[in-house]
file run17.txt (compact mmCIF, C-alpha atoms)
# COMPACT_ATOMS: atom_id res chain seq x y z
CA MET N 1 -28.95 -22.11 35.29
CA ASN N 2 -29.70 -23.40 31.84
CA THR N 3 -30.95 -20.01 30.76
CA VAL N 4 -27.94 -18.17 32.16
CA ARG N 5 -25.14 -20.16 30.55
CA PRO N 6 -26.00 -19.30 26.93
CA ARG N 7 -26.00 -15.62 27.82
CA ILE N 8 -22.59 -15.93 29.44
CA ARG N 9 -21.25 -17.72 26.38
CA LYS N 10 -22.66 -15.08 24.01
CA SER N 11 -21.24 -12.28 26.14
CA ALA N 12 -17.84 -13.95 26.23
CA SER N 13 -18.00 -14.48 22.47
CA ARG N 14 -18.79 -10.81 21.86
CA THR N 15 -15.97 -9.74 24.20
CA THR N 16 -13.50 -11.96 22.36
CA ALA N 17 -14.66 -10.56 19.01
CA ASN N 18 -14.28 -7.01 20.27
CA ILE N 19 -10.75 -7.70 21.53
CA ARG N 20 -9.84 -9.33 18.22
CA ALA N 21 -11.26 -6.39 16.23
CA LYS N 22 -9.27 -3.91 18.31
CA ALA N 23 -6.13 -5.97 17.91
CA GLU N 24 -6.59 -6.04 14.13
CA ALA N 25 -7.43 -2.34 13.81
CA PRO N 26 -4.75 -0.44 11.83
CA ALA N 27 -2.11 1.23 13.97
CA ASP N 28 -1.89 4.20 11.62
CA LEU N 29 -5.49 4.96 10.75
CA ARG N 30 -4.63 7.99 8.61
CA GLU N 31 -2.48 5.92 6.25
CA ALA N 32 -4.89 3.00 6.33
CA CYS N 33 -7.75 5.25 5.23
CA VAL N 34 -5.77 6.40 2.18
CA ALA N 35 -4.94 2.82 1.21
CA ALA N 36 -8.54 1.71 1.68
CA ALA N 37 -9.86 4.66 -0.33
CA HIS N 38 -7.45 3.83 -3.14
CA ALA N 39 -8.74 0.25 -3.13
CA VAL N 40 -12.37 1.39 -3.26
CA ILE N 41 -11.65 3.67 -6.22
CA ALA N 42 -9.72 0.94 -8.05
CA GLU N 43 -12.48 -1.63 -7.57
CA GLN N 44 -15.66 0.44 -7.74
CA GLY N 45 -14.83 3.91 -9.03
CA ILE N 46 -14.66 7.32 -7.37
CA GLU N 47 -18.44 7.60 -7.19
CA GLN N 48 -18.59 4.73 -4.69
CA LEU N 49 -16.02 6.18 -2.30
CA SER N 50 -17.41 6.96 1.16
CA LEU N 51 -15.95 7.19 4.65
CA ARG N 52 -18.45 4.56 5.77
CA ASP N 53 -17.17 2.06 3.21
CA VAL N 54 -13.56 2.87 4.16
CA ALA N 55 -14.37 2.26 7.83
CA ARG N 56 -16.07 -1.03 6.98
CA ARG N 57 -13.03 -2.23 5.05
CA LEU N 58 -10.74 -1.35 7.92
CA GLY N 59 -12.92 -2.90 10.56
CA VAL N 60 -13.24 0.30 12.58
CA SER N 61 -16.23 2.33 13.70
CA HIS N 62 -18.01 4.47 11.11
CA GLN N 63 -16.84 7.59 12.94
CA ALA N 64 -13.16 6.63 13.17
CA PRO N 65 -12.03 8.00 9.76
CA TYR N 66 -13.53 11.40 10.63
CA LYS N 67 -10.74 11.86 13.17
CA HIS N 68 -8.36 12.41 10.29
CA TYR N 69 -10.60 13.34 7.35
CA PRO N 70 -13.55 15.69 8.00
CA SER N 71 -15.31 14.50 4.85
CA ARG N 72 -15.13 12.12 1.95
CA ASP N 73 -13.82 14.98 -0.20
CA HIS N 74 -10.90 15.57 2.16
CA LEU N 75 -9.93 11.91 1.86
CA LEU N 76 -10.25 11.98 -1.92
CA ALA N 77 -8.08 15.12 -2.08
CA GLU N 78 -5.40 13.28 -0.12
CA VAL N 79 -5.56 10.27 -2.46
CA VAL N 80 -5.13 12.57 -5.46
CA ARG N 81 -2.29 14.41 -3.72
CA ARG N 82 -0.47 11.15 -3.08
CA SER N 83 -0.72 10.36 -6.77
CA PHE N 84 1.03 13.62 -7.63
CA VAL N 85 3.71 12.87 -5.04
CA ARG N 86 4.37 9.44 -6.56
CA PHE N 87 4.42 10.99 -10.03
CA ALA N 88 6.95 13.66 -9.04
CA GLU N 89 9.13 11.15 -7.23
CA HIS N 90 9.14 8.99 -10.34
CA LEU N 91 10.20 11.93 -12.51
CA ASP N 92 12.90 12.92 -10.03
CA ARG N 93 14.38 9.41 -10.21
CA ARG N 94 14.87 9.61 -13.98
CA GLU N 95 18.28 9.21 -15.55
CA ARG N 96 19.91 12.65 -15.61
CA PHE N 97 21.98 14.09 -18.43
CA ASP N 98 24.24 17.13 -18.63
CA ASP N 99 22.86 17.74 -22.12
CA PRO N 100 19.57 19.65 -21.58
CA GLU N 101 17.97 18.09 -24.66
CA LYS N 102 18.74 14.54 -23.53
CA ASP N 103 17.58 15.37 -20.03
CA LEU N 104 14.25 16.68 -21.34
CA GLU N 105 13.88 13.56 -23.50
CA SER N 106 14.52 11.38 -20.45
CA LEU N 107 11.85 13.32 -18.59
CA GLY N 108 9.37 12.77 -21.41
CA PHE N 109 9.97 9.04 -21.51
CA GLU N 110 9.53 8.75 -17.74
CA TYR N 111 6.31 10.77 -17.90
CA LEU N 112 4.89 8.25 -20.34
CA ARG N 113 6.29 5.29 -18.43
CA PHE N 114 4.45 6.41 -15.31
CA ALA N 115 1.22 7.12 -17.19
CA LEU N 116 1.16 3.70 -18.83
CA SER N 117 2.27 1.79 -15.74
CA ASN N 118 -0.05 3.60 -13.30
CA PRO N 119 -3.29 4.30 -15.19
CA LEU N 120 -5.37 4.74 -12.03
CA GLU N 121 -3.04 7.34 -10.51
CA TYR N 122 -2.81 9.06 -13.88
CA ARG N 123 -6.59 9.33 -14.12
CA LEU N 124 -6.78 10.58 -10.55
CA MET N 125 -4.30 13.37 -11.34
CA PHE N 126 -5.60 14.50 -14.70
CA GLY N 127 -9.09 13.07 -15.12
CA THR N 128 -10.64 13.70 -11.72
CA PRO N 129 -12.23 17.03 -10.75
CA TRP N 130 -10.68 18.25 -7.54
CA PRO N 131 -13.18 17.65 -4.75
CA LYS N 132 -15.17 20.64 -3.58
CA GLY N 133 -15.28 21.53 0.07
CA ALA N 134 -11.77 20.25 0.83
CA GLU N 135 -8.69 22.35 1.48
CA HIS N 136 -6.41 22.19 -1.55
CA ASP N 137 -3.21 23.84 -0.30
CA ALA N 138 -1.18 20.63 -0.07
CA LEU N 139 -2.73 19.22 -3.25
CA GLU N 140 -1.93 22.38 -5.19
CA ARG N 141 1.63 22.43 -3.83
CA ASP N 142 2.44 18.87 -4.86
CA ALA N 143 0.72 19.17 -8.22
CA ARG N 144 2.70 22.33 -8.92
CA TYR N 145 5.95 20.62 -7.96
CA ALA N 146 5.39 17.99 -10.66
CA PHE N 147 5.00 20.78 -13.22
CA ASP N 148 8.06 22.60 -11.84
CA ILE N 149 10.22 19.58 -12.69
CA LEU N 150 9.30 20.02 -16.34
CA ARG N 151 9.60 23.81 -16.21
CA ASP N 152 13.09 23.58 -14.71
CA ALA N 153 14.21 21.10 -17.37
CA ILE N 154 13.05 23.47 -20.10
CA GLY N 155 14.70 26.37 -18.29
CA ARG N 156 17.99 24.51 -18.58
CA LEU N 157 17.38 24.15 -22.30
CA HIS N 158 16.47 27.78 -22.99
CA GLY N 159 18.33 29.63 -20.25
CA ALA N 160 17.36 32.06 -17.50
CA LYS N 161 15.98 34.60 -19.97
CA ALA N 162 13.29 32.18 -21.11
CA ILE N 163 12.21 31.60 -17.54
CA LYS N 164 11.93 35.32 -16.89
CA SER N 165 10.01 35.97 -20.11
CA GLY N 166 7.56 33.11 -19.56
CA LEU N 167 8.77 31.12 -22.58
CA ALA N 168 9.71 28.22 -20.32
CA ASP N 169 6.13 28.15 -19.01
CA ARG N 170 4.66 28.15 -22.49
CA ASP N 171 7.00 25.44 -23.73
CA ALA N 172 6.33 23.40 -20.61
CA MET N 173 2.63 23.54 -21.44
CA PHE N 174 3.42 22.42 -24.99
CA VAL N 175 5.54 19.46 -23.88
CA TRP N 176 3.03 18.48 -21.19
CA ALA N 177 0.18 18.59 -23.71
CA ALA N 178 2.14 16.40 -26.14
CA MET N 179 2.97 13.81 -23.49
CA HIS N 180 -0.53 13.88 -22.02
CA GLY N 181 -2.10 13.45 -25.45
CA LEU N 182 0.17 10.56 -26.35
CA ALA N 183 -0.48 8.86 -23.02
CA GLY N 184 -4.22 9.13 -23.60
CA VAL N 185 -4.01 7.79 -27.14
CA LEU N 186 -1.84 4.82 -26.16
CA GLN N 187 -4.31 3.85 -23.42
CA SER N 188 -7.42 4.23 -25.57
CA ASN N 189 -9.48 1.24 -26.67
CA ILE N 190 -9.30 2.26 -30.30
CA MET N 191 -5.59 1.55 -30.74
CA PRO N 192 -5.98 -2.11 -31.79
CA SER N 193 -8.51 -1.06 -34.47
CA LEU N 194 -6.38 1.52 -36.25
CA ALA N 195 -4.62 -0.95 -38.58
CA LEU N 196 -1.30 0.83 -38.11
CA LYS N 197 1.69 -0.09 -40.23
CA PRO N 198 4.17 -2.50 -38.60
CA GLY N 199 6.48 -0.74 -36.15
CA VAL N 200 4.41 2.44 -35.86
CA LEU N 201 3.05 1.72 -32.40
CA GLU N 202 6.35 0.39 -31.09
CA ASN N 203 8.13 3.57 -32.20
CA ALA N 204 5.35 6.02 -31.36
CA VAL N 205 6.94 7.32 -28.18
CA ALA N 206 10.37 7.83 -29.73
CA HIS N 207 8.80 9.50 -32.77
CA VAL N 208 6.74 11.96 -30.74
CA MET N 209 9.72 12.75 -28.51
CA CYS N 210 11.78 13.45 -31.63
CA ARG N 211 9.09 15.79 -32.96
CA VAL N 212 8.89 17.57 -29.62
CA SER N 213 12.66 17.98 -29.60
CA ASP N 214 12.57 19.43 -33.13
CA ALA N 215 9.84 21.86 -32.14
CA MET N 216 11.74 22.95 -29.04
CA GLY N 217 14.69 23.85 -31.21
CA GLN N 218 12.63 26.28 -33.28
CA PRO N 219 11.91 29.82 -32.09
CA ALA N 220 8.23 30.20 -31.25
CA LYS N 221 6.37 33.05 -32.90
CA GLY N 222 5.32 35.65 -30.40
CA ALA N 223 7.68 34.21 -27.78
call {"tool": "encode", "arguments": {"input": "run17.txt", "output": "C-alpha cells"}}
result
Amino acid sequence: MNTVRPRIRKSASRTTANIRAKAEAPADLREACVAAAHAVIAEQGIEQLSLRDVARRLGVSHQAPYKHYPSRDHLLAEVVRRSFVRFAEHLDRRERFDDPEKDLESLGFEYLRFALSNPLEYRLMFGTPWPKGAEHDALERDARYAFDILRDAIGRLHGAKAIKSGLADRDAMFVWAAMHGLAGVLQSNIMPSLALKPGVLENAVAHVMCRVSDAMGQPAKGA
C-alpha cells in the first residue's frame, strides 16, 4: 500500500495540471499565436521567432500552432500584415480637410506620428524582408491599401488627369520617401550628437512638410 499511494498522488497531480493547462489554453489560438509572435519579436528579435517558442509561451502543444500557421514564415507574414492594417487604420482616422493640401499635410503628420509611436511595427513593415515560402496575397493587399491612402490624397490634389498619367503614383513615391526618410532620421541614435541649433529638431517635421508642400506645388519635369 505504501508504494501505491505515491503513484496515485502523482497521477492525480498530473491530471490536475493537465486540466488546469487546458483551462488556461487560449480560446482563440489563431489570435493568440499572433500576439505571442509579436511578443517574441519585441523581446528577442525576428531571428528568434519559432512556432515552438510561440507554443511554449501559450502553454499549448508544439503542434498546436500548425493548425493555423503551416510554418514560422506564415506566422511572421501575418504579424507583418497586421502591422500594415494598424498603420492604414491610423491614417484613415486622421483629421480630414476639404482643402487637398491640408489633407495631405494631415496625412504626413499622422504617418510620422505612427512611425515614432510604433517603432516595432514600423520596422516590421519597412525593414523586414517578406518571409519566403508564405502566401503573400493578404499581406500585399493590406500593404497596397496603405499606399492607396496616400495615392488618393495626392489624386485629390492634382486631379483625375494626374492619376491617369501616373503623376499621382510618382508624387506618392516622393512623399512616402520624404516621410520615411524623416522617420528614420528622427529615430536614429545619431540625433543627440548633431549639435543642432535650438528649435531645429522641434520644428523638423513641420519644416519638412512645408518643403514637401512647396515641391508638390511645382510642376515636375518629365511628368
call {"tool": "residues_around", "arguments": {"input": "run17.txt", "residues": "Met173 of chain N", "least_positions_apart": "6", "cutoff": "10 Å", "atoms": "all atoms listed in the file", "output": "ChimeraX atom specification"}}
result
/N:147,150-151,167,179
call {"tool": "write_last_selection", "arguments": {"input": "run17.txt", "atoms": "C-alpha atoms", "output": "PDB file, in the frame of the given file"}}
result
ATOM      1  CA  PHE N 147       5.000  20.780 -13.220  1.00  0.00           C
ATOM      2  CA  LEU N 150       9.300  20.020 -16.340  1.00  0.00           C
ATOM      3  CA  ARG N 151       9.600  23.810 -16.210  1.00  0.00           C
ATOM      4  CA  LEU N 167       8.770  31.120 -22.580  1.00  0.00           C
ATOM      5  CA  MET N 179       2.970  13.810 -23.490  1.00  0.00           C
TER       6      MET N 179
END
call {"tool": "closest_residue", "arguments": {"input": "run17.txt", "among": "N:Val34, N:Ile149, N:Ala39, N:Leu58", "to": "Val79 of chain N", "atoms": "only C-alpha atoms"}}
result
N:Val34
call {"tool": "closest_residue", "arguments": {"input": "run17.txt", "among": "N:Arg81, N:Arg94, N:His180, N:Arg156", "to": "Ala138 of chain N", "atoms": "all atoms listed in the file"}}
result
N:Arg81
call {"tool": "atom_distance", "arguments": {"input": "run17.txt", "atom1": "atom CA of Met216 of chain N", "atom2": "atom CA of Ser83 of chain N"}}
result
28.5 Å
call {"tool": "residues_around", "arguments": {"input": "run17.txt", "residues": "Ala168 of chain N", "least_positions_apart": "2", "cutoff": "10 Å", "atoms": "all atoms listed in the file", "output": "number ranges by chain"}}
result
N: 150-166, 170-174, 223
call {"tool": "closest_residue", "arguments": {"input": "run17.txt", "among": "N:Ala35, N:Tyr66, N:Asp142, N:Ile41", "to": "Arg123 of chain N", "atoms": "all atoms listed in the file"}}
result
N:Ile41
call {"tool": "residues_near_point", "arguments": {"input": "run17.txt", "point": "(-13.6, 6.4, 3.0)", "cutoff": "8 Å", "atoms": "all atoms listed in the file", "output": "number ranges by chain"}}
result
N: 33-34, 36-37, 49-55, 65, 72, 75
call {"tool": "residues_around", "arguments": {"input": "run17.txt", "residues": "Ile46 of chain N", "least_positions_apart": "5", "cutoff": "10 Å", "atoms": "all atoms listed in the file", "output": "list of chain:residue names"}}
result
N:Ala37, N:His38, N:Val40, N:Ile41, N:Leu76, N:Leu124, N:Thr128
call {"tool": "closest_residue", "arguments": {"input": "run17.txt", "among": "N:Arg144, N:Arg30, N:Lys132, N:Leu139", "to": "Lys67 of chain N", "atoms": "all atoms listed in the file"}}
result
N:Arg30
call {"tool": "build_atoms", "arguments": {"input": "run17.txt", "residues": "segment 77-102 of chain N", "atoms": "N, CA, C and O atoms", "output": "PDB file, in the frame of the given file"}}
result
ATOM      1  N   ALA N  77      -9.134  14.149  -1.775  1.00  0.00           N
ATOM      2  CA  ALA N  77      -8.080  15.120  -2.080  1.00  0.00           C
ATOM      3  C   ALA N  77      -6.713  14.565  -1.685  1.00  0.00           C
ATOM      4  O   ALA N  77      -5.719  14.768  -2.391  1.00  0.00           O
ATOM      5  N   GLU N  78      -6.673  13.857  -0.568  1.00  0.00           N
ATOM      6  CA  GLU N  78      -5.400  13.280  -0.120  1.00  0.00           C
ATOM      7  C   GLU N  78      -4.965  12.144  -1.046  1.00  0.00           C
ATOM      8  O   GLU N  78      -3.771  12.008  -1.354  1.00  0.00           O
ATOM      9  N   VAL N  79      -5.899  11.344  -1.519  1.00  0.00           N
ATOM     10  CA  VAL N  79      -5.560  10.270  -2.460  1.00  0.00           C
ATOM     11  C   VAL N  79      -4.994  10.861  -3.749  1.00  0.00           C
ATOM     12  O   VAL N  79      -3.990  10.375  -4.286  1.00  0.00           O
ATOM     13  N   VAL N  80      -5.617  11.917  -4.248  1.00  0.00           N
ATOM     14  CA  VAL N  80      -5.130  12.570  -5.460  1.00  0.00           C
ATOM     15  C   VAL N  80      -3.751  13.179  -5.215  1.00  0.00           C
ATOM     16  O   VAL N  80      -2.844  13.080  -6.052  1.00  0.00           O
ATOM     17  N   ARG N  81      -3.591  13.810  -4.057  1.00  0.00           N
ATOM     18  CA  ARG N  81      -2.290  14.410  -3.720  1.00  0.00           C
ATOM     19  C   ARG N  81      -1.189  13.367  -3.715  1.00  0.00           C
ATOM     20  O   ARG N  81      -0.103  13.594  -4.258  1.00  0.00           O
ATOM     21  N   ARG N  82      -1.473  12.214  -3.125  1.00  0.00           N
ATOM     22  CA  ARG N  82      -0.470  11.150  -3.080  1.00  0.00           C
ATOM     23  C   ARG N  82      -0.085  10.692  -4.482  1.00  0.00           C
ATOM     24  O   ARG N  82       1.056  10.296  -4.722  1.00  0.00           O
ATOM     25  N   SER N  83      -1.029  10.730  -5.393  1.00  0.00           N
ATOM     26  CA  SER N  83      -0.720  10.360  -6.770  1.00  0.00           C
ATOM     27  C   SER N  83       0.281  11.333  -7.382  1.00  0.00           C
ATOM     28  O   SER N  83       1.222  10.921  -8.071  1.00  0.00           O
ATOM     29  N   PHE N  84       0.086  12.627  -7.136  1.00  0.00           N
ATOM     30  CA  PHE N  84       1.030  13.620  -7.630  1.00  0.00           C
ATOM     31  C   PHE N  84       2.411  13.445  -6.992  1.00  0.00           C
ATOM     32  O   PHE N  84       3.443  13.631  -7.655  1.00  0.00           O
ATOM     33  N   VAL N  85       2.433  13.090  -5.720  1.00  0.00           N
ATOM     34  CA  VAL N  85       3.710  12.870  -5.040  1.00  0.00           C
ATOM     35  C   VAL N  85       4.457  11.701  -5.683  1.00  0.00           C
ATOM     36  O   VAL N  85       5.660  11.795  -5.974  1.00  0.00           O
ATOM     37  N   ARG N  86       3.749  10.601  -5.918  1.00  0.00           N
ATOM     38  CA  ARG N  86       4.370   9.440  -6.560  1.00  0.00           C
ATOM     39  C   ARG N  86       4.861   9.791  -7.963  1.00  0.00           C
ATOM     40  O   ARG N  86       5.942   9.370  -8.395  1.00  0.00           O
ATOM     41  N   PHE N  87       4.063  10.565  -8.673  1.00  0.00           N
ATOM     42  CA  PHE N  87       4.420  10.990 -10.030  1.00  0.00           C
ATOM     43  C   PHE N  87       5.694  11.815 -10.011  1.00  0.00           C
ATOM     44  O   PHE N  87       6.637  11.564 -10.785  1.00  0.00           O
ATOM     45  N   ALA N  88       5.766  12.799  -9.124  1.00  0.00           N
ATOM     46  CA  ALA N  88       6.950  13.660  -9.040  1.00  0.00           C
ATOM     47  C   ALA N  88       8.179  12.881  -8.611  1.00  0.00           C
ATOM     48  O   ALA N  88       9.280  13.097  -9.141  1.00  0.00           O
ATOM     49  N   GLU N  89       8.007  11.978  -7.673  1.00  0.00           N
ATOM     50  CA  GLU N  89       9.130  11.150  -7.230  1.00  0.00           C
ATOM     51  C   GLU N  89       9.657  10.297  -8.373  1.00  0.00           C
ATOM     52  O   GLU N  89      10.869  10.105  -8.513  1.00  0.00           O
ATOM     53  N   HIS N  90       8.736   9.790  -9.178  1.00  0.00           N
ATOM     54  CA  HIS N  90       9.140   8.990 -10.340  1.00  0.00           C
ATOM     55  C   HIS N  90       9.947   9.842 -11.320  1.00  0.00           C
ATOM     56  O   HIS N  90      10.993   9.411 -11.814  1.00  0.00           O
ATOM     57  N   LEU N  91       9.483  11.046 -11.585  1.00  0.00           N
ATOM     58  CA  LEU N  91      10.200  11.930 -12.510  1.00  0.00           C
ATOM     59  C   LEU N  91      11.565  12.325 -11.952  1.00  0.00           C
ATOM     60  O   LEU N  91      12.544  12.427 -12.695  1.00  0.00           O
ATOM     61  N   ASP N  92      11.634  12.532 -10.653  1.00  0.00           N
ATOM     62  CA  ASP N  92      12.900  12.920 -10.030  1.00  0.00           C
ATOM     63  C   ASP N  92      13.928  11.793 -10.078  1.00  0.00           C
ATOM     64  O   ASP N  92      15.134  12.047 -10.017  1.00  0.00           O
ATOM     65  N   ARG N  93      13.455  10.550 -10.180  1.00  0.00           N
ATOM     66  CA  ARG N  93      14.380   9.410 -10.210  1.00  0.00           C
ATOM     67  C   ARG N  93      14.871   9.095 -11.628  1.00  0.00           C
ATOM     68  O   ARG N  93      15.619   8.129 -11.818  1.00  0.00           O
ATOM     69  N   ARG N  94      14.486   9.891 -12.594  1.00  0.00           N
ATOM     70  CA  ARG N  94      14.870   9.610 -13.980  1.00  0.00           C
ATOM     71  C   ARG N  94      16.381   9.681 -14.146  1.00  0.00           C
ATOM     72  O   ARG N  94      17.090  10.270 -13.323  1.00  0.00           O
ATOM     73  N   GLU N  95      16.860   9.093 -15.215  1.00  0.00           N
ATOM     74  CA  GLU N  95      18.280   9.210 -15.550  1.00  0.00           C
ATOM     75  C   GLU N  95      18.564  10.655 -15.946  1.00  0.00           C
ATOM     76  O   GLU N  95      17.851  11.228 -16.770  1.00  0.00           O
ATOM     77  N   ARG N  96      19.586  11.236 -15.356  1.00  0.00           N
ATOM     78  CA  ARG N  96      19.910  12.650 -15.610  1.00  0.00           C
ATOM     79  C   ARG N  96      21.029  12.749 -16.644  1.00  0.00           C
ATOM     80  O   ARG N  96      21.916  11.897 -16.721  1.00  0.00           O
ATOM     81  N   PHE N  97      20.976  13.833 -17.415  1.00  0.00           N
ATOM     82  CA  PHE N  97      21.980  14.090 -18.430  1.00  0.00           C
ATOM     83  C   PHE N  97      22.443  15.545 -18.338  1.00  0.00           C
ATOM     84  O   PHE N  97      21.635  16.439 -18.050  1.00  0.00           O
ATOM     85  N   ASP N  98      23.730  15.760 -18.592  1.00  0.00           N
ATOM     86  CA  ASP N  98      24.240  17.130 -18.630  1.00  0.00           C
ATOM     87  C   ASP N  98      23.688  17.883 -19.838  1.00  0.00           C
ATOM     88  O   ASP N  98      23.474  19.098 -19.775  1.00  0.00           O
ATOM     89  N   ASP N  99      23.458  17.154 -20.920  1.00  0.00           N
ATOM     90  CA  ASP N  99      22.860  17.740 -22.120  1.00  0.00           C
ATOM     91  C   ASP N  99      21.386  18.030 -21.842  1.00  0.00           C
ATOM     92  O   ASP N  99      20.601  17.102 -21.599  1.00  0.00           O
ATOM     93  N   PRO N 100      20.969  19.308 -21.880  1.00  0.00           N
ATOM     94  CA  PRO N 100      19.570  19.650 -21.580  1.00  0.00           C
ATOM     95  C   PRO N 100      18.561  18.954 -22.478  1.00  0.00           C
ATOM     96  O   PRO N 100      17.468  18.603 -22.032  1.00  0.00           O
ATOM     97  N   GLU N 101      18.898  18.752 -23.751  1.00  0.00           N
ATOM     98  CA  GLU N 101      17.970  18.090 -24.660  1.00  0.00           C
ATOM     99  C   GLU N 101      17.768  16.625 -24.269  1.00  0.00           C
ATOM    100  O   GLU N 101      16.633  16.121 -24.254  1.00  0.00           O
ATOM    101  N   LYS N 102      18.857  15.933 -23.945  1.00  0.00           N
ATOM    102  CA  LYS N 102      18.740  14.540 -23.530  1.00  0.00           C
ATOM    103  C   LYS N 102      18.011  14.432 -22.194  1.00  0.00           C
ATOM    104  O   LYS N 102      17.251  13.480 -21.976  1.00  0.00           O
TER     105      LYS N 102
END
